file run_9.txt (compact mmCIF, C-alpha atoms and all ligand atoms)
# COMPACT_ATOMS: atom_id res chain seq x y z
CA MET P 1009 0.00 0.00 0.00
CA GLN P 1010 1.77 3.17 -1.14
CA THR P 1011 1.56 6.01 1.35
CA LEU P 1012 2.36 9.66 0.68
CA THR P 1013 3.50 11.88 3.54
CA LEU P 1014 5.32 15.11 4.34
CA GLY P 1015 8.99 14.86 3.43
CA PRO P 1016 11.81 14.61 2.88
CA SER P 1017 12.63 11.47 4.84
CA GLY P 1018 12.94 11.99 8.61
CA THR P 1019 9.88 14.16 9.35
CA TYR P 1020 7.57 13.39 12.24
CA SER P 1021 4.91 12.63 9.62
CA HIS P 1022 7.30 10.04 8.17
CA ARG P 1023 7.65 8.45 11.62
CA ALA P 1024 3.85 8.31 11.98
CA ALA P 1025 3.47 6.92 8.44
CA THR P 1026 5.67 3.93 9.27
CA ALA P 1027 2.75 2.74 11.44
CA VAL P 1028 0.58 2.56 8.30
CA SER P 1029 2.86 1.25 5.58
CA GLU P 1030 6.38 0.27 4.57
CA ASP P 1031 6.11 1.82 1.14
CA ILE P 1032 6.39 5.56 1.75
CA ALA P 1033 6.73 8.42 -0.71
CA PHE P 1034 7.23 12.11 0.08
CA THR P 1035 6.00 15.51 -0.97
CA GLU P 1036 6.41 18.85 0.78
CA SER P 1037 2.82 20.03 1.05
CA VAL P 1038 -0.05 18.68 3.14
CA THR P 1039 -2.58 19.88 0.55
CA LYS P 1040 -0.73 17.94 -2.17
CA ILE P 1041 -0.95 14.78 -0.04
CA VAL P 1042 -4.73 15.12 0.29
CA GLN P 1043 -5.12 15.92 -3.42
CA ALA P 1044 -2.99 12.94 -4.46
CA VAL P 1045 -5.10 10.53 -2.37
CA ALA P 1046 -8.36 12.09 -3.61
CA ASN P 1047 -7.13 11.66 -7.21
CA GLY P 1048 -6.23 8.00 -6.65
CA GLU P 1049 -2.48 8.54 -7.15
CA TYR P 1050 -1.72 7.05 -3.69
CA ASP P 1051 -3.59 4.51 -1.54
CA ARG P 1052 -2.92 6.34 1.70
CA GLY P 1053 -1.72 9.70 2.99
CA VAL P 1054 -0.51 10.63 6.47
CA ILE P 1055 -0.90 14.26 7.57
CA PRO P 1056 -0.48 16.12 10.89
CA ILE P 1057 -3.75 17.47 12.31
CA GLU P 1058 -3.14 18.87 15.76
CA ASN P 1059 -0.33 19.43 18.24
CA SER P 1060 -0.74 19.53 22.00
CA ILE P 1061 1.26 22.78 22.30
CA GLU P 1062 0.54 24.64 19.08
CA GLY P 1063 -2.95 23.46 18.15
CA SER P 1064 -4.34 22.79 14.69
CA VAL P 1065 -2.46 22.37 11.46
CA THR P 1066 -4.96 24.53 9.62
CA GLU P 1067 -3.77 23.55 6.14
CA SER P 1068 -4.68 19.94 6.94
CA LEU P 1069 -8.17 20.82 8.22
CA ASP P 1070 -8.91 22.95 5.18
CA ALA P 1071 -7.76 20.23 2.79
CA LEU P 1072 -9.95 17.62 4.57
CA ALA P 1073 -12.96 19.95 4.21
CA GLU P 1074 -12.25 20.53 0.51
CA TYR P 1075 -11.27 17.16 -0.99
CA ASP P 1076 -13.19 13.91 -1.02
CA VAL P 1077 -11.12 11.54 1.13
CA ALA P 1078 -11.77 9.27 4.11
CA VAL P 1079 -10.04 9.40 7.49
CA VAL P 1080 -9.16 5.75 8.14
CA ARG P 1081 -6.93 5.89 11.21
CA GLU P 1082 -5.61 8.24 13.87
CA ILE P 1083 -1.97 8.06 14.95
CA ILE P 1084 -0.71 9.89 18.03
CA THR P 1085 3.03 10.24 18.52
CA PRO P 1086 5.15 12.04 21.11
CA ILE P 1087 7.24 14.86 19.64
CA ARG P 1088 10.75 15.46 20.99
CA HIS P 1089 12.70 18.18 19.26
CA ALA P 1090 16.47 18.49 18.99
CA LEU P 1091 18.62 21.36 17.77
CA LEU P 1092 20.97 20.18 15.01
CA ALA P 1093 23.83 22.17 13.46
CA HIS P 1094 27.47 21.96 12.37
CA ASP P 1095 28.45 23.93 15.51
CA GLN P 1096 27.31 26.87 17.65
CA SER P 1097 28.15 29.48 15.01
CA PHE P 1098 24.77 29.37 13.21
CA GLU P 1099 22.75 32.54 12.53
CA THR P 1100 19.45 31.04 11.36
CA ILE P 1101 17.26 28.18 12.59
CA ALA P 1102 15.17 26.48 9.90
CA SER P 1103 12.23 24.21 10.71
CA HIS P 1104 8.52 23.61 10.20
CA ALA P 1105 6.48 26.55 11.58
CA GLN P 1106 4.87 24.26 14.17
CA ALA P 1107 8.26 23.06 15.46
CA LEU P 1108 9.57 26.64 15.74
CA ALA P 1109 6.43 27.57 17.67
CA GLN P 1110 6.67 24.52 19.97
CA CYS P 1111 10.18 25.65 21.00
CA ARG P 1112 9.44 29.40 21.24
CA GLY P 1113 10.34 29.68 24.96
CA TYR P 1114 13.62 27.76 24.56
CA LEU P 1115 14.63 29.81 21.50
CA ASP P 1116 13.77 33.15 23.16
CA GLU P 1117 15.87 32.20 26.16
CA HIS P 1118 18.91 30.69 24.45
CA TYR P 1119 18.98 32.23 20.96
CA PRO P 1120 17.12 35.56 21.15
CA ASP P 1121 19.07 37.04 18.20
CA VAL P 1122 18.93 34.12 15.82
CA GLU P 1123 16.70 34.40 12.77
CA LEU P 1124 13.91 31.83 12.43
CA GLU P 1125 13.08 30.44 9.00
CA ALA P 1126 9.88 28.46 8.43
CA VAL P 1127 10.37 25.73 5.84
CA ALA P 1128 8.10 22.97 4.46
CA SER P 1129 9.07 20.40 7.12
CA THR P 1130 11.54 19.67 9.90
CA ALA P 1131 13.52 17.37 7.59
CA ARG P 1132 13.70 20.13 4.95
CA GLY P 1133 15.31 22.27 7.69
CA VAL P 1134 17.83 19.46 8.29
CA GLN P 1135 18.71 19.50 4.57
CA ARG P 1136 19.25 23.27 4.76
CA ALA P 1137 21.49 22.85 7.83
CA LEU P 1138 23.50 20.06 6.14
CA ASP P 1139 24.21 22.30 3.16
CA ASP P 1140 24.95 25.49 5.11
CA PRO P 1141 26.88 25.78 8.42
CA SER P 1142 25.19 29.14 9.14
CA ILE P 1143 21.87 27.29 9.50
CA ALA P 1144 20.65 25.07 12.36
CA ALA P 1145 17.55 22.84 12.27
CA ILE P 1146 14.93 21.71 14.77
CA ALA P 1147 13.93 18.10 14.13
CA HIS P 1148 13.82 14.63 15.66
CA PRO P 1149 17.34 13.75 16.91
CA ASP P 1150 17.49 10.72 14.57
CA ASN P 1151 18.06 13.23 11.75
CA VAL P 1152 21.65 13.77 12.87
CA GLN P 1153 23.86 12.99 9.85
CA GLY P 1154 26.96 14.19 7.96
CA ASP P 1155 28.70 17.02 9.80
CA LEU P 1156 25.65 17.84 11.93
CA GLN P 1157 25.71 17.45 15.70
CA VAL P 1158 22.92 17.37 18.26
CA LEU P 1159 23.46 20.65 20.16
CA ALA P 1160 20.46 20.21 22.48
CA GLU P 1161 17.67 17.68 23.02
CA ASP P 1162 14.11 17.96 24.29
CA ILE P 1163 13.89 21.67 23.56
CA GLN P 1164 10.07 21.80 23.20
CA ASP P 1165 8.37 24.13 25.68
CA GLN P 1166 6.39 21.37 27.43
CA THR P 1167 7.81 17.95 28.16
CA SER P 1168 4.52 16.45 27.08
CA ASN P 1169 4.38 17.29 23.37
CA ALA P 1170 2.26 15.05 21.18
CA THR P 1171 0.90 15.34 17.65
CA ARG P 1172 -2.18 13.73 16.21
CA PHE P 1173 -1.82 12.54 12.63
CA VAL P 1174 -4.48 10.94 10.48
CA ALA P 1175 -4.16 8.36 7.77
CA ILE P 1176 -6.43 9.16 4.83
CA GLY P 1177 -7.62 6.97 2.00
CA PRO P 1178 -9.94 7.24 -0.99
CA ALA P 1179 -13.61 7.99 -0.23
CA SER P 1180 -14.40 4.34 -1.14
CA ASP P 1181 -12.39 3.19 1.92
CA ARG P 1182 -14.55 5.18 4.35
CA SER P 1183 -15.45 2.98 7.30
CA GLU P 1184 -18.39 3.09 9.69
CA ALA P 1185 -16.49 0.97 12.23
CA GLY P 1186 -14.25 2.31 14.98
CA GLY P 1187 -14.44 4.15 18.26
CA LYS P 1188 -14.08 7.67 16.89
CA THR P 1189 -15.59 9.66 14.01
CA SER P 1190 -14.64 12.90 12.26
CA ILE P 1191 -17.18 15.08 10.47
CA VAL P 1192 -17.20 18.57 8.99
CA ILE P 1193 -20.35 20.73 9.19
CA TYR P 1194 -20.99 23.75 6.98
CA PRO P 1195 -24.34 25.21 8.12
CA ASN P 1196 -24.23 28.12 5.63
CA SER P 1197 -26.49 30.09 7.95
CA ASP P 1198 -26.11 32.30 11.01
CA TYR P 1199 -28.61 32.85 13.84
CA PRO P 1200 -28.48 32.95 17.65
CA GLY P 1201 -28.15 29.45 19.07
CA LEU P 1202 -27.14 27.71 15.83
CA LEU P 1203 -23.94 26.22 17.26
CA LEU P 1204 -25.80 25.11 20.39
CA LYS P 1205 -28.39 23.35 18.21
CA LEU P 1206 -25.67 21.64 16.18
CA LEU P 1207 -24.11 20.22 19.35
CA GLU P 1208 -27.26 19.24 21.26
CA PRO P 1209 -27.86 16.05 19.21
CA PHE P 1210 -24.55 14.72 20.59
CA ALA P 1211 -25.25 15.72 24.21
CA GLU P 1212 -28.77 14.22 24.08
CA ARG P 1213 -27.32 10.85 23.03
CA ASP P 1214 -24.44 10.90 25.50
CA ILE P 1215 -21.86 11.12 22.71
CA ASN P 1216 -18.65 12.68 23.94
CA LEU P 1217 -17.09 15.32 21.68
CA SER P 1218 -13.30 15.12 21.58
CA ARG P 1219 -12.66 18.15 19.41
CA LEU P 1220 -14.44 21.16 17.96
CA GLU P 1221 -12.67 23.57 15.65
CA SER P 1222 -14.04 26.34 13.48
CA ARG P 1223 -12.34 27.36 10.25
CA PRO P 1224 -13.28 30.20 7.93
CA SER P 1225 -15.44 28.88 5.08
CA GLY P 1226 -13.67 31.16 2.61
CA GLU P 1227 -17.09 32.32 1.38
CA ARG P 1228 -17.41 35.49 3.47
CA LEU P 1229 -16.00 37.01 6.67
CA GLY P 1230 -17.59 35.46 9.78
CA ASP P 1231 -18.79 32.33 7.93
CA TYR P 1232 -17.42 29.05 9.28
CA VAL P 1233 -17.12 25.32 8.79
CA PHE P 1234 -16.97 23.26 11.99
CA HIS P 1235 -14.69 20.25 12.37
CA VAL P 1236 -16.13 17.89 14.97
CA ASP P 1237 -14.59 14.67 16.33
CA PHE P 1238 -16.62 12.48 18.66
CA GLN P 1239 -16.25 9.21 20.51
CA ALA P 1240 -18.72 6.97 18.71
CA GLY P 1241 -18.69 5.08 15.41
CA LEU P 1242 -20.80 5.88 12.34
CA TYR P 1243 -22.23 2.35 12.60
CA GLU P 1244 -24.01 3.24 15.86
CA ASP P 1245 -27.72 4.12 15.82
CA ARG P 1246 -27.13 7.07 18.15
CA THR P 1247 -24.57 8.50 15.68
CA GLN P 1248 -26.96 8.08 12.77
CA GLY P 1249 -29.70 9.77 14.82
CA ALA P 1250 -27.47 12.72 15.72
CA LEU P 1251 -26.28 13.14 12.13
CA ALA P 1252 -29.83 13.11 10.76
CA GLU P 1253 -30.71 16.03 13.06
CA ILE P 1254 -27.53 17.90 12.17
CA GLU P 1255 -28.12 17.39 8.44
CA ALA P 1256 -31.59 18.91 8.81
CA LEU P 1257 -30.09 21.93 10.62
CA ALA P 1258 -27.45 22.31 7.89
CA GLU P 1259 -29.88 21.96 4.98
CA ASP P 1260 -28.54 25.16 3.37
CA GLY P 1261 -24.97 23.84 3.59
CA TRP P 1262 -23.53 20.33 3.97
CA VAL P 1263 -22.32 17.71 6.42
CA LYS P 1264 -19.27 15.67 5.44
CA ARG P 1265 -18.63 12.30 7.11
CA LEU P 1266 -14.86 11.83 6.98
CA GLY P 1267 -15.11 8.38 8.54
CA SER P 1268 -14.83 6.27 11.69
CA TYR P 1269 -11.52 4.85 12.83
CA ASP P 1270 -9.46 3.59 15.75
CA THR P 1271 -6.64 5.40 17.49
CA GLU P 1272 -3.08 4.17 17.68
CA HIS P 1273 -0.36 5.52 19.94
CA VAL P 1274 3.06 5.16 18.38
CA VAL P 1275 6.02 5.67 20.65
CA SER P 1276 9.09 6.54 18.64
O1 LIG P 1301 7.82 18.78 9.65
C1 LIG P 1301 7.54 17.65 10.14
O2 LIG P 1301 8.39 16.87 10.61
C2 LIG P 1301 6.13 17.26 10.23
O3 LIG P 1301 5.82 16.12 10.08
C3 LIG P 1301 5.18 18.33 10.66
C4 LIG P 1301 5.31 18.48 12.15
C5 LIG P 1301 6.12 19.47 12.66
C6 LIG P 1301 6.26 19.57 14.04
C7 LIG P 1301 5.63 18.68 14.89
C8 LIG P 1301 4.81 17.69 14.36
C9 LIG P 1301 4.65 17.58 12.98

call {"tool": "encode", "arguments": {"input": "run_9.txt", "output": "structure tokens"}}
result
Amino acid sequence: MQTLTLGPSGTYSHRAATAVSEDIAFTESVTKIVQAVANGEYDRGVIPIENSIEGSVTESLDALAEYDVAVVREIITPIRHALLAHDQSFETIASHAQALAQCRGYLDEHYPDVELEAVASTARGVQRALDDPSIAAIAHPDNVQGDLQVLAEDIQDQTSNATRFVAIGPASDRSEAGGKTSIVIYPNSDYPGLLLKLLEPFAERDINLSRLESRPSGERLGDYVFHVDFQAGLYEDRTQGALAEIEALAEDGWVKRLGSYDTEHVVS
């Protein structure tokens, strides 16, 4: 099963993808991963969704709302960042924007004058640091190679730093089985109490929500799509009942069932 994830080799997404497949290919954009799976070019994609320090990877949420794919699995991995460079003489630190943000406190304290450069992924930052001694990278310590050294380990601002990734597949692989479900709701309307009404069907059936995120719809300012994860499978009658009510409330918009799946914790 060929799986596309964020590259080059050595990213955290790559580490998560090894839980899904042995045949892994890389690209440097989350949107491209979702598009490639929607178009049938790859069987699976693995993308980061949410980090415990920095929150959502908004590009991933927007791509899931836009393209027709299924979420088939959730993979949670601990994230431990290291600072890699030729030596201490670097002037720039290159990494994924989320990694730079997860280490903000450490960087402010130890390297207040260093320039930060956001690149497509942590492993892309490692490539930049390999090529240029004036650049350091923040990445998993296993990326140490060539003339690079690990200058510091565990530099994230909280010791508990975890990221949730999802494995996606073609819409035809959407499953109703599993302990969790992801949906996206676009009500395309706006009135007092709308969000409360959209959530009541879950509360009334004792379905626990595990995540609620609003994203701009892109249609007009103040218009939103809602990403909702909950702890029940699509196969359950209570889920079907809740979704029927929500679909009626969102009759001017749409409700997208991304799929039901199980969670896996990968320690690496
Ligand atoms: O750039 C990577 O390595 C990624 O997979 C994205 C990312 C960045 C920081 C924490 C978790 C995932």

call {"tool": "closest_residue", "arguments": {"input": "run_9.txt", "among": "P:Glu1099, P:Asp1150, P:Asp1031, P:Asp1051", "to": "ligand LIG 1301 (chain P)", "atoms": "only C-alpha atoms and all ligand atoms"}}
result
P:Asp1150

call {"tool": "closest_atom_pairs", "arguments": {"input": "run_9.txt", "of": "chain P", "to": "ligand LIG 1301 (chain P)", "cutoff": "6 Å", "atoms": "all atoms listed in the file", "output": "JSON lines"}}
result
{"residue": "P:Leu1014", "atom": "CA", "partner": "P:LIG1301", "partner_atom": "O3", "distance": 5.8}
{"residue": "P:Thr1019", "atom": "CA", "partner": "P:LIG1301", "partner_atom": "O2", "distance": 3.3}
{"residue": "P:Tyr1020", "atom": "CA", "partner": "P:LIG1301", "partner_atom": "O3", "distance": 3.9}
{"residue": "P:Ser1021", "atom": "CA", "partner": "P:LIG1301", "partner_atom": "O3", "distance": 3.6}
{"residue": "P:Pro1056", "atom": "CA", "partner": "P:LIG1301", "partner_atom": "C9", "distance": 5.7}
{"residue": "P:His1104", "atom": "CA", "partner": "P:LIG1301", "partner_atom": "O1", "distance": 4.9}
{"residue": "P:Gln1106", "atom": "CA", "partner": "P:LIG1301", "partner_atom": "C6", "distance": 4.9}
{"residue": "P:Ala1107", "atom": "CA", "partner": "P:LIG1301", "partner_atom": "C6", "distance": 4.3}
{"residue": "P:Ser1129", "atom": "CA", "partner": "P:LIG1301", "partner_atom": "O1", "distance": 3.3}
{"residue": "P:Thr1130", "atom": "CA", "partner": "P:LIG1301", "partner_atom": "O1", "distance": 3.8}
{"residue": "P:Ala1131", "atom": "CA", "partner": "P:LIG1301", "partner_atom": "O2", "distance": 6.0}
{"residue": "P:Thr1171", "atom": "CA", "partner": "P:LIG1301", "partner_atom": "C8", "distance": 5.6}

call {"tool": "atom_distance", "arguments": {"input": "run_9.txt", "atom1": "atom CA of P:Asn1047", "atom2": "atom CA of P:Ala1071"}}
result
13.2 Å

call {"tool": "residues_around", "arguments": {"input": "run_9.txt", "residues": "P:Arg1052", "least_positions_apart": "6", "cutoff": "8 Å", "atoms": "only C-alpha atoms", "output": "list of chain:residue names"}}
result
P:Met1009, P:Gln1010, P:Thr1011, P:Leu1012, P:Val1045, P:Ala1175, P:Ile1176, P:Gly1177, P:Pro1178

call {"tool": "atom_distance", "arguments": {"input": "run_9.txt", "atom1": "atom CA of P:Val1192", "atom2": "atom CA of P:Leu1266"}}
result
7.4 Å

call {"tool": "closest_residue", "arguments": {"input": "run_9.txt", "among": "P:Gly1063, P:Gly1261, P:Pro1141, P:Gly1249", "to": "P:Ile1215", "atoms": "all atoms listed in the file"}}
result
P:Gly1249

call {"tool": "atom_distance", "arguments": {"input": "run_9.txt", "atom1": "atom CA of P:Ala1093", "atom2": "atom CA of P:Arg1136"}}
result
9.9 Å

call {"tool": "closest_residue", "arguments": {"input": "run_9.txt", "among": "P:Glu1184, P:Glu1030, P:Asp1165, P:Glu1221", "to": "P:Leu1242", "atoms": "all atoms listed in the file"}}
result
P:Glu1184

call {"tool": "closest_residue", "arguments": {"input": "run_9.txt", "among": "P:Asp1214, P:Asp1237, P:Glu1074, P:Asp1095", "to": "P:Trp1262", "atoms": "only C-alpha atoms"}}
result
P:Glu1074

call {"tool": "closest_residue", "arguments": {"input": "run_9.txt", "among": "P:Gly1267, P:Arg1081, P:Asp1076, P:Ala1145", "to": "P:Cys1111", "atoms": "all atoms listed in the file"}}
result
P:Ala1145

call {"tool": "closest_residue", "arguments": {"input": "run_9.txt", "among": "P:Arg1172, P:Ser1103, P:Gln1157, P:Pro1195", "to": "P:Arg1132", "atoms": "all atoms listed in the file"}}
result
P:Ser1103

call {"tool": "axis_aligned_box", "arguments": {"input": "run_9.txt", "around": "stretch 1166-1176 of chain P", "padding_each_side": "5 Å", "output": "JSON"}}
result
{"center_x": 0.7, "center_y": 14.9, "center_z": 16.5, "size_x": 24.2, "size_y": 23.0, "size_z": 33.3}

call {"tool": "residues_around", "arguments": {"input": "run_9.txt", "residues": "P:Arg1223", "least_positions_apart": "2", "cutoff": "7 Å", "atoms": "all atoms listed in the file", "output": "VMD selection string"}}
result
chain P and resid 1221 1225 1232 to 1234

call {"tool": "residues_around", "arguments": {"input": "run_9.txt", "residues": "P:Ser1097", "least_positions_apart": "6", "cutoff": "12 Å", "atoms": "only C-alpha atoms", "output": "PDB file with C-alpha atoms, keeping the file's coordinate frame"}}
result
ATOM      1  CA  TYR P1119      18.980  32.230  20.960  1.00  0.00           C
ATOM      2  CA  VAL P1122      18.930  34.120  15.820  1.00  0.00           C
ATOM      3  CA  ALA P1137      21.490  22.850   7.830  1.00  0.00           C
ATOM      4  CA  ASP P1140      24.950  25.490   5.110  1.00  0.00           C
ATOM      5  CA  PRO P1141      26.880  25.780   8.420  1.00  0.00           C
ATOM      6  CA  SER P1142      25.190  29.140   9.140  1.00  0.00           C
ATOM      7  CA  ILE P1143      21.870  27.290   9.500  1.00  0.00           C
ATOM      8  CA  ALA P1144      20.650  25.070  12.360  1.00  0.00           C
ATOM      9  CA  LEU P1159      23.460  20.650  20.160  1.00  0.00           C
TER      10      LEU P1159
END
